[in-house]
>>> print(open('query-v6.cif').read())   # mmCIF, C-alpha atoms
data_input
#
loop_
_atom_site.group_PDB
_atom_site.id
_atom_site.type_symbol
_atom_site.label_atom_id
_atom_site.label_comp_id
_atom_site.auth_asym_id
_atom_site.auth_seq_id
_atom_site.Cartn_x
_atom_site.Cartn_y
_atom_site.Cartn_z
ATOM 1 C CA MET C 1462 -88.196 14.346 26.680
ATOM 2 C CA LYS C 1463 -88.821 13.044 23.151
ATOM 3 C CA ALA C 1464 -89.985 9.595 22.065
ATOM 4 C CA VAL C 1465 -89.322 7.830 18.756
ATOM 5 C CA VAL C 1466 -91.597 4.859 18.057
ATOM 6 C CA GLY C 1467 -90.981 2.484 15.170
ATOM 7 C CA LEU C 1468 -93.812 0.182 14.123
ATOM 8 C CA GLY C 1469 -93.364 -3.450 13.141
ATOM 9 C CA ASN C 1470 -93.987 -7.040 14.155
ATOM 10 C CA PRO C 1471 -91.806 -8.976 16.607
ATOM 11 C CA GLY C 1472 -89.820 -12.063 15.706
ATOM 12 C CA LEU C 1473 -87.432 -13.237 12.995
ATOM 13 C CA ARG C 1474 -90.303 -14.269 10.726
ATOM 14 C CA TYR C 1475 -91.157 -10.596 10.136
ATOM 15 C CA ALA C 1476 -87.702 -8.997 10.390
ATOM 16 C CA ASN C 1477 -87.167 -8.620 6.620
ATOM 17 C CA THR C 1478 -90.679 -7.479 5.680
ATOM 18 C CA ARG C 1479 -92.030 -4.137 4.493
ATOM 19 C CA HIS C 1480 -94.224 -3.874 7.587
ATOM 20 C CA ASN C 1481 -91.104 -3.665 9.786
ATOM 21 C CA LEU C 1482 -89.525 -0.523 8.353
ATOM 22 C CA GLY C 1483 -90.351 1.411 11.519
ATOM 23 C CA PHE C 1484 -88.305 -1.150 13.454
ATOM 24 C CA TRP C 1485 -85.469 -0.764 10.936
ATOM 25 C CA VAL C 1486 -85.342 2.998 11.568
ATOM 26 C CA VAL C 1487 -85.363 2.639 15.360
ATOM 27 C CA ASP C 1488 -82.566 0.050 15.081
ATOM 28 C CA LEU C 1489 -80.563 2.505 12.932
ATOM 29 C CA LEU C 1490 -81.042 5.288 15.477
ATOM 30 C CA SER C 1491 -80.153 2.906 18.298
ATOM 31 C CA ARG C 1492 -76.794 2.245 16.616
ATOM 32 C CA ARG C 1493 -76.197 5.880 15.623
ATOM 33 C CA TRP C 1494 -76.948 7.225 19.070
ATOM 34 C CA GLY C 1495 -75.450 4.392 21.103
ATOM 35 C CA ILE C 1496 -78.784 3.684 22.800
ATOM 36 C CA PRO C 1497 -79.232 -0.078 23.189
ATOM 37 C CA LEU C 1498 -82.787 -1.411 23.056
ATOM 38 C CA SER C 1499 -82.119 -3.572 26.081
ATOM 39 C CA ARG C 1500 -85.049 -2.764 28.342
ATOM 40 C CA HIS C 1501 -88.514 -4.303 28.222
ATOM 41 C CA LYS C 1502 -91.241 -1.888 29.235
ATOM 42 C CA PHE C 1503 -94.666 -0.925 27.864
ATOM 43 C CA ALA C 1504 -94.822 -4.332 26.090
ATOM 44 C CA SER C 1505 -91.918 -3.057 23.988
ATOM 45 C CA LYS C 1506 -88.195 -3.156 23.415
ATOM 46 C CA MET C 1507 -86.957 0.152 24.713
ATOM 47 C CA GLY C 1508 -83.843 2.223 25.201
ATOM 48 C CA ASP C 1509 -83.214 5.745 26.434
ATOM 49 C CA GLY C 1510 -80.367 8.224 26.511
ATOM 50 C CA ARG C 1511 -79.315 11.786 25.725
ATOM 51 C CA VAL C 1512 -79.145 12.949 22.112
ATOM 52 C CA PHE C 1513 -78.453 16.556 21.089
ATOM 53 C CA ALA C 1514 -78.910 17.567 24.769
ATOM 54 C CA GLU C 1515 -82.401 16.006 24.746
ATOM 55 C CA GLN C 1516 -83.587 12.978 26.729
ATOM 56 C CA VAL C 1517 -84.823 10.462 24.124
ATOM 57 C CA VAL C 1518 -86.728 7.189 24.370
ATOM 58 C CA LEU C 1519 -86.609 4.671 21.509
ATOM 59 C CA LEU C 1520 -89.486 2.194 21.397
ATOM 60 C CA LYS C 1521 -90.357 -0.900 19.338
ATOM 61 C CA PRO C 1522 -93.757 -2.246 20.450
ATOM 62 C CA GLN C 1523 -93.775 -6.050 20.612
ATOM 63 C CA THR C 1524 -97.564 -6.307 20.491
ATOM 64 C CA PHE C 1525 -97.807 -6.911 16.724
ATOM 65 C CA MET C 1526 -98.539 -4.052 14.368
ATOM 66 C CA ASN C 1527 -102.312 -3.770 14.676
ATOM 67 C CA ARG C 1528 -102.138 -3.539 18.495
ATOM 68 C CA SER C 1529 -99.404 -0.907 18.803
ATOM 69 C CA GLY C 1530 -101.684 1.658 20.439
ATOM 70 C CA ALA C 1531 -101.634 0.404 24.022
ATOM 71 C CA ALA C 1532 -97.817 0.372 24.141
ATOM 72 C CA VAL C 1533 -97.577 3.905 22.738
ATOM 73 C CA ALA C 1534 -100.313 5.222 25.061
ATOM 74 C CA ASP C 1535 -98.588 3.641 28.071
ATOM 75 C CA LEU C 1536 -95.321 5.365 27.089
ATOM 76 C CA VAL C 1537 -97.024 8.743 26.578
ATOM 77 C CA ASN C 1538 -98.939 8.494 29.856
ATOM 78 C CA PHE C 1539 -95.974 7.267 31.916
ATOM 79 C CA TYR C 1540 -93.703 10.121 30.791
ATOM 80 C CA GLN C 1541 -96.586 12.625 30.496
ATOM 81 C CA LEU C 1542 -95.396 13.453 26.988
ATOM 82 C CA ASP C 1543 -96.895 16.220 24.945
ATOM 83 C CA LEU C 1544 -97.931 14.561 21.673
ATOM 84 C CA THR C 1545 -95.676 16.944 19.729
ATOM 85 C CA ASP C 1546 -92.756 15.218 21.499
ATOM 86 C CA LEU C 1547 -93.719 11.835 20.028
ATOM 87 C CA ILE C 1548 -92.812 10.744 16.497
ATOM 88 C CA VAL C 1549 -93.966 7.471 14.919
ATOM 89 C CA VAL C 1550 -92.189 5.825 11.962
ATOM 90 C CA TYR C 1551 -93.986 3.302 9.751
ATOM 91 C CA ASP C 1552 -94.462 1.861 6.250
ATOM 92 C CA ASP C 1553 -97.010 3.303 3.814
ATOM 93 C CA LEU C 1554 -98.639 1.554 0.832
ATOM 94 C CA ASP C 1555 -99.770 4.897 -0.638
ATOM 95 C CA LEU C 1556 -96.242 6.232 -1.214
ATOM 96 C CA ALA C 1557 -93.906 5.014 -3.943
ATOM 97 C CA PRO C 1558 -91.155 2.652 -2.723
ATOM 98 C CA GLY C 1559 -88.352 4.615 -1.091
ATOM 99 C CA LEU C 1560 -90.226 7.919 -0.787
ATOM 100 C CA ILE C 1561 -90.561 9.357 2.709
ATOM 101 C CA ARG C 1562 -93.035 11.895 4.040
ATOM 102 C CA VAL C 1563 -92.957 13.731 7.352
ATOM 103 C CA ARG C 1564 -96.239 15.042 8.754
ATOM 104 C CA ALA C 1565 -97.127 16.949 11.916
ATOM 105 C CA SER C 1566 -100.463 15.134 12.227
ATOM 106 C CA GLY C 1567 -103.111 13.376 10.173
ATOM 107 C CA SER C 1568 -105.282 10.339 9.723
ATOM 108 C CA ALA C 1569 -104.140 6.725 9.796
ATOM 109 C CA GLY C 1570 -104.621 6.511 6.034
ATOM 110 C CA GLY C 1571 -105.735 2.898 6.298
ATOM 111 C CA HIS C 1572 -102.681 1.809 8.338
ATOM 112 C CA LYS C 1573 -104.056 -0.382 11.130
ATOM 113 C CA GLY C 1574 -101.113 0.171 13.477
ATOM 114 C CA MET C 1575 -101.531 3.930 13.227
ATOM 115 C CA ALA C 1576 -105.300 3.614 13.585
ATOM 116 C CA ASP C 1577 -104.786 1.740 16.858
ATOM 117 C CA ILE C 1578 -102.361 4.387 18.138
ATOM 118 C CA ILE C 1579 -104.771 7.202 17.233
ATOM 119 C CA ALA C 1580 -107.629 5.352 18.975
ATOM 120 C CA HIS C 1581 -105.582 4.819 22.168
ATOM 121 C CA LEU C 1582 -104.224 8.392 22.247
ATOM 122 C CA LYS C 1583 -107.633 9.812 21.271
ATOM 123 C CA SER C 1584 -105.747 12.164 18.957
ATOM 124 C CA ASN C 1585 -103.998 12.205 15.594
ATOM 125 C CA GLU C 1586 -102.052 15.341 16.510
ATOM 126 C CA PHE C 1587 -98.556 13.853 16.649
ATOM 127 C CA PRO C 1588 -95.685 13.808 14.131
ATOM 128 C CA ARG C 1589 -94.976 10.810 11.936
ATOM 129 C CA VAL C 1590 -92.553 9.663 9.242
ATOM 130 C CA ARG C 1591 -94.079 7.507 6.517
ATOM 131 C CA ILE C 1592 -91.816 5.290 4.398
ATOM 132 C CA GLY C 1593 -93.203 4.378 1.002
ATOM 133 C CA ILE C 1594 -93.431 0.723 0.038
ATOM 134 C CA GLY C 1595 -95.793 1.115 -2.931
ATOM 135 C CA ALA C 1596 -98.994 -0.750 -3.683
ATOM 136 C CA PRO C 1597 -98.984 -4.558 -3.842
ATOM 137 C CA PRO C 1598 -98.582 -6.043 -7.317
ATOM 138 C CA GLU C 1599 -101.605 -7.925 -8.669
ATOM 139 C CA PRO C 1600 -102.936 -10.357 -7.520
ATOM 140 C CA LEU C 1601 -101.234 -9.986 -4.119
ATOM 141 C CA GLY C 1602 -103.347 -8.530 -1.304
ATOM 142 C CA ALA C 1603 -102.033 -5.808 1.011
ATOM 143 C CA ALA C 1604 -101.611 -8.121 4.035
ATOM 144 C CA ASP C 1605 -99.574 -10.675 2.072
ATOM 145 C CA TYR C 1606 -97.490 -7.932 0.441
ATOM 146 C CA VAL C 1607 -96.475 -6.148 3.646
ATOM 147 C CA LEU C 1608 -95.597 -9.444 5.374
ATOM 148 C CA GLN C 1609 -93.631 -11.128 2.570
ATOM 149 C CA GLY C 1610 -89.836 -11.138 2.450
ATOM 150 C CA ILE C 1611 -88.192 -8.329 0.482
ATOM 151 C CA GLY C 1612 -86.020 -9.026 -2.561
ATOM 152 C CA GLU C 1613 -82.481 -7.686 -2.899
ATOM 153 C CA ALA C 1614 -83.287 -4.735 -5.203
ATOM 154 C CA ASP C 1615 -86.187 -3.552 -3.036
ATOM 155 C CA THR C 1616 -84.129 -4.039 0.116
ATOM 156 C CA LYS C 1617 -81.523 -1.560 -1.169
ATOM 157 C CA ILE C 1618 -84.204 1.063 -1.959
ATOM 158 C CA LEU C 1619 -85.914 0.609 1.404
ATOM 159 C CA GLU C 1620 -82.653 0.634 3.392
ATOM 160 C CA GLU C 1621 -81.758 3.971 1.774
ATOM 161 C CA ALA C 1622 -85.240 5.276 2.614
ATOM 162 C CA CYS C 1623 -84.801 4.159 6.234
ATOM 163 C CA HIS C 1624 -81.532 6.108 6.452
ATOM 164 C CA ARG C 1625 -83.343 9.221 5.162
ATOM 165 C CA ALA C 1626 -86.174 8.582 7.636
ATOM 166 C CA ALA C 1627 -83.618 8.365 10.467
ATOM 167 C CA ASP C 1628 -82.102 11.658 9.244
ATOM 168 C CA ALA C 1629 -85.601 13.198 9.303
ATOM 169 C CA VAL C 1630 -86.097 12.048 12.900
ATOM 170 C CA GLU C 1631 -82.746 13.591 13.835
ATOM 171 C CA LEU C 1632 -83.742 16.918 12.258
ATOM 172 C CA TRP C 1633 -87.086 16.789 14.114
ATOM 173 C CA LEU C 1634 -85.114 16.241 17.308
ATOM 174 C CA LYS C 1635 -82.601 19.053 16.619
ATOM 175 C CA GLU C 1636 -85.148 21.560 15.298
ATOM 176 C CA ASP C 1637 -88.826 20.676 14.796
ATOM 177 C CA VAL C 1638 -91.302 18.853 12.575
ATOM 178 C CA LEU C 1639 -91.582 21.795 10.165
ATOM 179 C CA ALA C 1640 -87.836 21.731 9.458
ATOM 180 C CA ALA C 1641 -88.018 17.979 8.833
ATOM 181 C CA MET C 1642 -91.039 18.430 6.527
ATOM 182 C CA ASN C 1643 -89.302 21.194 4.552
ATOM 183 C CA GLN C 1644 -86.160 19.153 4.016
ATOM 184 C CA PHE C 1645 -87.500 15.631 3.526
ATOM 185 C CA ASN C 1646 -90.862 16.074 1.794
ATOM 186 C CA GLN C 1647 -89.242 17.122 -1.457
ATOM 187 C CA ARG C 1648 -88.811 14.732 -4.347
ATOM 188 C CA GLN C 1649 -85.453 12.976 -4.155
ATOM 189 C CA SER C 1650 -82.874 13.848 -6.811
ATOM 190 C CA ASN C 1651 -82.621 10.195 -7.893
ATOM 191 C CA GLY C 1652 -86.239 10.292 -9.077
ATOM 192 C CA ILE C 1653 -87.739 8.653 -6.004
#
>>> encode(input="query-v6.cif", output="structure tokens")
Amino acid sequence: MKAVVGLGNPGLRYANTRHNLGFWVVDLLSRRWGIPLSRHKFASKMGDGRVFAEQVVLLKPQTFMNRSGAAVADLVNFYQLDLTDLIVVYDDLDLAPGLIRVRASGSAGGHKGMADIIAHLKSNEFPRVRIGIGAPPEPLGAADYVLQGIGEADTKILEEACHRAADAVELWLKEDVLAAMNQFNQRQSNGI
């Protein structure tokens, strides 16, 4: 079994914010794979089904970003998942807008949702897909930036990035994290 977790904040207020890109990717995969997120388990919206002959769980924790760890740990413990069978998708201030990076493991890099997951799992040895949102413009602070609505031009860039992130998750599922890293960690031809 594999699990795809997208990070974000619940509710309409946060739906169109940079901090919800992980949710955007899980919603895309839900539509692509015909897996409705209709169950409520692990304090999350959840769906499961078969994809590429693999049993897959999609998860959107509803605990707010900075408390995502308990939901992810409950999922991992319930299904007794190896951490290599878990992939987490989230926004990243340190990457340029629209750039994506796949990693097999690593630190939270200042992302509080990831820090909470790492603390609850007692490990950072799990794959992740980071979606670049860029640094906040002066004088905006990081918290205000990630939670503000996204303008039309930025929405287009980030939607395209979310489609690439969903493609990266699919390649991870079909092959492995190394294949996804090799294909998606290269600079995009459009300069992103």
>>> closest_residue(input="query-v6.cif", among="C:Gly1469, C:Gly1595, C:Gly1483, C:Gly1495", to="Gly1510 in chain C", atoms="all atoms listed in the file")
C:Gly1495
>>> atom_distance(input="query-v6.cif", atom1="CA of Lys1521 in chain C", atom2="CA of Ala1557 in chain C")
24.3 Å
>>> residues_around(input="query-v6.cif", residues="Met1575 in chain C", least_positions_apart="2", cutoff="9 Å", atoms="only C-alpha atoms", output="PDB file with C-alpha atoms, in the coordinates of the input")
ATOM      1  CA  LEU C1468     -93.812   0.182  14.123  1.00  0.00           C
ATOM      2  CA  MET C1526     -98.539  -4.052  14.368  1.00  0.00           C
ATOM      3  CA  ASN C1527    -102.312  -3.770  14.676  1.00  0.00           C
ATOM      4  CA  SER C1529     -99.404  -0.907  18.803  1.00  0.00           C
ATOM      5  CA  GLY C1530    -101.684   1.658  20.439  1.00  0.00           C
ATOM      6  CA  VAL C1549     -93.966   7.471  14.919  1.00  0.00           C
ATOM      7  CA  TYR C1551     -93.986   3.302   9.751  1.00  0.00           C
ATOM      8  CA  SER C1568    -105.282  10.339   9.723  1.00  0.00           C
ATOM      9  CA  ALA C1569    -104.140   6.725   9.796  1.00  0.00           C
ATOM     10  CA  GLY C1570    -104.621   6.511   6.034  1.00  0.00           C
ATOM     11  CA  GLY C1571    -105.735   2.898   6.298  1.00  0.00           C
ATOM     12  CA  HIS C1572    -102.681   1.809   8.338  1.00  0.00           C
ATOM     13  CA  LYS C1573    -104.056  -0.382  11.130  1.00  0.00           C
ATOM     14  CA  ASP C1577    -104.786   1.740  16.858  1.00  0.00           C
ATOM     15  CA  ILE C1578    -102.361   4.387  18.138  1.00  0.00           C
ATOM     16  CA  ILE C1579    -104.771   7.202  17.233  1.00  0.00           C
ATOM     17  CA  ALA C1580    -107.629   5.352  18.975  1.00  0.00           C
ATOM     18  CA  ASN C1585    -103.998  12.205  15.594  1.00  0.00           C
TER      19      ASN C1585
END
>>> residues_around(input="query-v6.cif", residues="range 1634-1648 of chain C", least_positions_apart="6", cutoff="10 Å", atoms="all atoms listed in the file", output="list in words")
Lys1463, Ala1464, Val1465, Val1512, Phe1513, Ala1514, Glu1515, Val1517, Thr1545, Asp1546, Ile1548, Leu1560, Ile1561, Arg1562, Val1563, Arg1564, Ala1565, Ser1566, Phe1587, Pro1588, Arg1589, Val1590, Arg1625, Ala1626 and Asp1628 of chain C
>>> atom_distance(input="query-v6.cif", atom1="CA of Val1607 in chain C", atom2="CA of Val1533 in chain C")
21.6 Å
>>> atom_distance(input="query-v6.cif", atom1="CA of Gly1472 in chain C", atom2="CA of Trp1485 in chain C")
13.0 Å
>>> resolve_selection(input="query-v6.cif", expression="the PyMOL selection byres ((chain C and resi 1480) around 7)", output="mmCIF file with C-alpha atoms, in the frame of the given file")
data_model
loop_
_atom_site.group_PDB
_atom_site.id
_atom_site.type_symbol
_atom_site.label_atom_id
_atom_site.label_comp_id
_atom_site.auth_asym_id
_atom_site.auth_seq_id
_atom_site.Cartn_x
_atom_site.Cartn_y
_atom_site.Cartn_z
ATOM 1 C CA GLY C 1469 -93.364 -3.450 13.141
ATOM 2 C CA THR C 1478 -90.679 -7.479 5.680
ATOM 3 C CA ARG C 1479 -92.030 -4.137 4.493
ATOM 4 C CA ASN C 1481 -91.104 -3.665 9.786
ATOM 5 C CA LEU C 1482 -89.525 -0.523 8.353
ATOM 6 C CA ASP C 1552 -94.462 1.861 6.250
ATOM 7 C CA VAL C 1607 -96.475 -6.148 3.646
ATOM 8 C CA LEU C 1608 -95.597 -9.444 5.374
#
>>> closest_residue(input="query-v6.cif", among="C:Ala1603, C:Ala1504, C:Ser1584, C:Ala1629", to="Asp1543 in chain C", atoms="all atoms listed in the file")
C:Ser1584
>>> axis_aligned_box(input="query-v6.cif", around="range 1492-1504 of chain C", padding_each_side="8 Å", output="AutoDock Vina command-line options")
--center_x -85.1 --center_y 1.4 --center_z 22.4 --size_x 35.4 --size_y 27.6 --size_z 29.6
>>> residues_near_point(input="query-v6.cif", point="(-82.9, 2.1, 19.2)", cutoff="8 Å", atoms="all atoms listed in the file", output="number ranges by chain")
C: 1487-1492, 1494, 1496-1498, 1507-1508, 1519-1520
>>> resolve_selection(input="query-v6.cif", expression="the PyMOL selection byres ((chain C and resi 1619) around 8)", output="CSV table (one decimal) with C-alpha atoms, in the frame of the given file")
chain,number,residue,atom,x,y,z
C,1482,LEU,CA,-89.5,-0.5,8.4
C,1558,PRO,CA,-91.2,2.7,-2.7
C,1559,GLY,CA,-88.4,4.6,-1.1
C,1594,ILE,CA,-93.4,0.7,0.0
C,1615,ASP,CA,-86.2,-3.6,-3.0
C,1616,THR,CA,-84.1,-4.0,0.1
C,1617,LYS,CA,-81.5,-1.6,-1.2
C,1618,ILE,CA,-84.2,1.1,-2.0
C,1620,GLU,CA,-82.7,0.6,3.4
C,1621,GLU,CA,-81.8,4.0,1.8
C,1622,ALA,CA,-85.2,5.3,2.6
C,1623,CYS,CA,-84.8,4.2,6.2
>>> closest_residue(input="query-v6.cif", among="C:Val1550, C:Leu1556, C:Leu1582, C:His1624", to="Val1537 in chain C", atoms="all atoms listed in the file")
C:Leu1582
>>> closest_residue(input="query-v6.cif", among="C:His1501, C:Asp1509, C:Arg1591, C:Asn1538", to="Gly1467 in chain C", atoms="only C-alpha atoms")
C:Arg1591
>>> closest_residue(input="query-v6.cif", among="C:Ser1499, C:Ser1505, C:Gln1523, C:Gln1609", to="Tyr1475 in chain C", atoms="all atoms listed in the file")
C:Gln1609
>>> closest_residue(input="query-v6.cif", among="C:Ala1476, C:Leu1554, C:Val1486, C:Val1518", to="Arg1500 in chain C", atoms="only C-alpha atoms")
C:Val1518
>>> build_atoms(input="query-v6.cif", residues="range 1537-1561 of chain C", atoms="N, CA, C and O atoms", output="PDB file, in the frame of the given file")
ATOM      1  N   VAL C1537     -96.623   7.333  26.508  1.00  0.00           N
ATOM      2  CA  VAL C1537     -97.024   8.743  26.578  1.00  0.00           C
ATOM      3  C   VAL C1537     -97.543   9.086  27.972  1.00  0.00           C
ATOM      4  O   VAL C1537     -97.166  10.119  28.550  1.00  0.00           O
ATOM      5  N   ASN C1538     -98.374   8.222  28.534  1.00  0.00           N
ATOM      6  CA  ASN C1538     -98.939   8.494  29.856  1.00  0.00           C
ATOM      7  C   ASN C1538     -97.886   8.417  30.962  1.00  0.00           C
ATOM      8  O   ASN C1538     -97.881   9.248  31.877  1.00  0.00           O
ATOM      9  N   PHE C1539     -96.991   7.433  30.880  1.00  0.00           N
ATOM     10  CA  PHE C1539     -95.974   7.267  31.916  1.00  0.00           C
ATOM     11  C   PHE C1539     -95.067   8.492  31.991  1.00  0.00           C
ATOM     12  O   PHE C1539     -94.763   8.994  33.068  1.00  0.00           O
ATOM     13  N   TYR C1540     -94.622   8.973  30.831  1.00  0.00           N
ATOM     14  CA  TYR C1540     -93.703  10.121  30.791  1.00  0.00           C
ATOM     15  C   TYR C1540     -94.434  11.456  30.678  1.00  0.00           C
ATOM     16  O   TYR C1540     -93.785  12.497  30.618  1.00  0.00           O
ATOM     17  N   GLN C1541     -95.771  11.418  30.642  1.00  0.00           N
ATOM     18  CA  GLN C1541     -96.586  12.625  30.496  1.00  0.00           C
ATOM     19  C   GLN C1541     -96.098  13.471  29.320  1.00  0.00           C
ATOM     20  O   GLN C1541     -95.897  14.681  29.422  1.00  0.00           O
ATOM     21  N   LEU C1542     -95.907  12.791  28.188  1.00  0.00           N
ATOM     22  CA  LEU C1542     -95.396  13.453  26.988  1.00  0.00           C
ATOM     23  C   LEU C1542     -96.464  14.303  26.326  1.00  0.00           C
ATOM     24  O   LEU C1542     -97.627  13.891  26.220  1.00  0.00           O
ATOM     25  N   ASP C1543     -96.071  15.466  25.868  1.00  0.00           N
ATOM     26  CA  ASP C1543     -96.895  16.220  24.945  1.00  0.00           C
ATOM     27  C   ASP C1543     -96.831  15.460  23.616  1.00  0.00           C
ATOM     28  O   ASP C1543     -95.773  14.955  23.244  1.00  0.00           O
ATOM     29  N   LEU C1544     -97.933  15.360  22.900  1.00  0.00           N
ATOM     30  CA  LEU C1544     -97.931  14.561  21.673  1.00  0.00           C
ATOM     31  C   LEU C1544     -97.007  15.123  20.601  1.00  0.00           C
ATOM     32  O   LEU C1544     -96.584  14.384  19.707  1.00  0.00           O
ATOM     33  N   THR C1545     -96.641  16.393  20.686  1.00  0.00           N
ATOM     34  CA  THR C1545     -95.676  16.944  19.729  1.00  0.00           C
ATOM     35  C   THR C1545     -94.266  16.425  19.994  1.00  0.00           C
ATOM     36  O   THR C1545     -93.375  16.591  19.160  1.00  0.00           O
ATOM     37  N   ASP C1546     -94.058  15.797  21.150  1.00  0.00           N
ATOM     38  CA  ASP C1546     -92.756  15.218  21.499  1.00  0.00           C
ATOM     39  C   ASP C1546     -92.670  13.727  21.186  1.00  0.00           C
ATOM     40  O   ASP C1546     -91.734  13.049  21.591  1.00  0.00           O
ATOM     41  N   LEU C1547     -93.667  13.234  20.458  1.00  0.00           N
ATOM     42  CA  LEU C1547     -93.719  11.835  20.028  1.00  0.00           C
ATOM     43  C   LEU C1547     -93.643  11.819  18.507  1.00  0.00           C
ATOM     44  O   LEU C1547     -94.328  12.605  17.848  1.00  0.00           O
ATOM     45  N   ILE C1548     -92.821  10.927  17.946  1.00  0.00           N
ATOM     46  CA  ILE C1548     -92.812  10.744  16.497  1.00  0.00           C
ATOM     47  C   ILE C1548     -92.901   9.249  16.218  1.00  0.00           C
ATOM     48  O   ILE C1548     -92.247   8.446  16.900  1.00  0.00           O
ATOM     49  N   VAL C1549     -93.735   8.872  15.260  1.00  0.00           N
ATOM     50  CA  VAL C1549     -93.966   7.471  14.919  1.00  0.00           C
ATOM     51  C   VAL C1549     -93.495   7.239  13.486  1.00  0.00           C
ATOM     52  O   VAL C1549     -93.817   8.029  12.588  1.00  0.00           O
ATOM     53  N   VAL C1550     -92.742   6.163  13.279  1.00  0.00           N
ATOM     54  CA  VAL C1550     -92.189   5.825  11.962  1.00  0.00           C
ATOM     55  C   VAL C1550     -92.805   4.512  11.503  1.00  0.00           C
ATOM     56  O   VAL C1550     -92.817   3.533  12.249  1.00  0.00           O
ATOM     57  N   TYR C1551     -93.300   4.497  10.241  1.00  0.00           N
ATOM     58  CA  TYR C1551     -93.986   3.302   9.751  1.00  0.00           C
ATOM     59  C   TYR C1551     -94.012   3.256   8.226  1.00  0.00           C
ATOM     60  O   TYR C1551     -93.751   4.259   7.559  1.00  0.00           O
ATOM     61  N   ASP C1552     -94.356   2.090   7.690  1.00  0.00           N
ATOM     62  CA  ASP C1552     -94.462   1.861   6.250  1.00  0.00           C
ATOM     63  C   ASP C1552     -95.780   2.415   5.721  1.00  0.00           C
ATOM     64  O   ASP C1552     -96.757   2.515   6.449  1.00  0.00           O
ATOM     65  N   ASP C1553     -95.793   2.755   4.413  1.00  0.00           N
ATOM     66  CA  ASP C1553     -97.010   3.303   3.814  1.00  0.00           C
ATOM     67  C   ASP C1553     -97.187   2.790   2.385  1.00  0.00           C
ATOM     68  O   ASP C1553     -96.345   3.033   1.524  1.00  0.00           O
ATOM     69  N   LEU C1554     -98.303   2.091   2.158  1.00  0.00           N
ATOM     70  CA  LEU C1554     -98.639   1.554   0.832  1.00  0.00           C
ATOM     71  C   LEU C1554     -98.934   2.648  -0.189  1.00  0.00           C
ATOM     72  O   LEU C1554     -98.824   2.421  -1.395  1.00  0.00           O
ATOM     73  N   ASP C1555     -99.338   3.832   0.269  1.00  0.00           N
ATOM     74  CA  ASP C1555     -99.770   4.897  -0.638  1.00  0.00           C
ATOM     75  C   ASP C1555     -98.620   5.738  -1.181  1.00  0.00           C
ATOM     76  O   ASP C1555     -98.844   6.602  -2.033  1.00  0.00           O
ATOM     77  N   LEU C1556     -97.414   5.514  -0.703  1.00  0.00           N
ATOM     78  CA  LEU C1556     -96.242   6.232  -1.214  1.00  0.00           C
ATOM     79  C   LEU C1556     -95.404   5.279  -2.053  1.00  0.00           C
ATOM     80  O   LEU C1556     -95.291   4.092  -1.735  1.00  0.00           O
ATOM     81  N   ALA C1557     -94.782   5.819  -3.088  1.00  0.00           N
ATOM     82  CA  ALA C1557     -93.906   5.014  -3.943  1.00  0.00           C
ATOM     83  C   ALA C1557     -92.758   4.442  -3.116  1.00  0.00           C
ATOM     84  O   ALA C1557     -92.311   5.069  -2.138  1.00  0.00           O
ATOM     85  N   PRO C1558     -92.256   3.262  -3.473  1.00  0.00           N
ATOM     86  CA  PRO C1558     -91.155   2.652  -2.723  1.00  0.00           C
ATOM     87  C   PRO C1558     -89.960   3.601  -2.597  1.00  0.00           C
ATOM     88  O   PRO C1558     -89.506   4.184  -3.582  1.00  0.00           O
ATOM     89  N   GLY C1559     -89.520   3.793  -1.359  1.00  0.00           N
ATOM     90  CA  GLY C1559     -88.352   4.615  -1.091  1.00  0.00           C
ATOM     91  C   GLY C1559     -88.649   6.072  -0.792  1.00  0.00           C
ATOM     92  O   GLY C1559     -87.793   6.797  -0.298  1.00  0.00           O
ATOM     93  N   LEU C1560     -89.865   6.536  -1.070  1.00  0.00           N
ATOM     94  CA  LEU C1560     -90.226   7.919  -0.787  1.00  0.00           C
ATOM     95  C   LEU C1560     -90.562   8.041   0.694  1.00  0.00           C
ATOM     96  O   LEU C1560     -91.159   7.134   1.274  1.00  0.00           O
ATOM     97  N   ILE C1561     -90.159   9.140   1.313  1.00  0.00           N
ATOM     98  CA  ILE C1561     -90.561   9.357   2.709  1.00  0.00           C
ATOM     99  C   ILE C1561     -91.345  10.662   2.809  1.00  0.00           C
ATOM    100  O   ILE C1561     -91.157  11.576   2.007  1.00  0.00           O
TER     101      ILE C1561
END
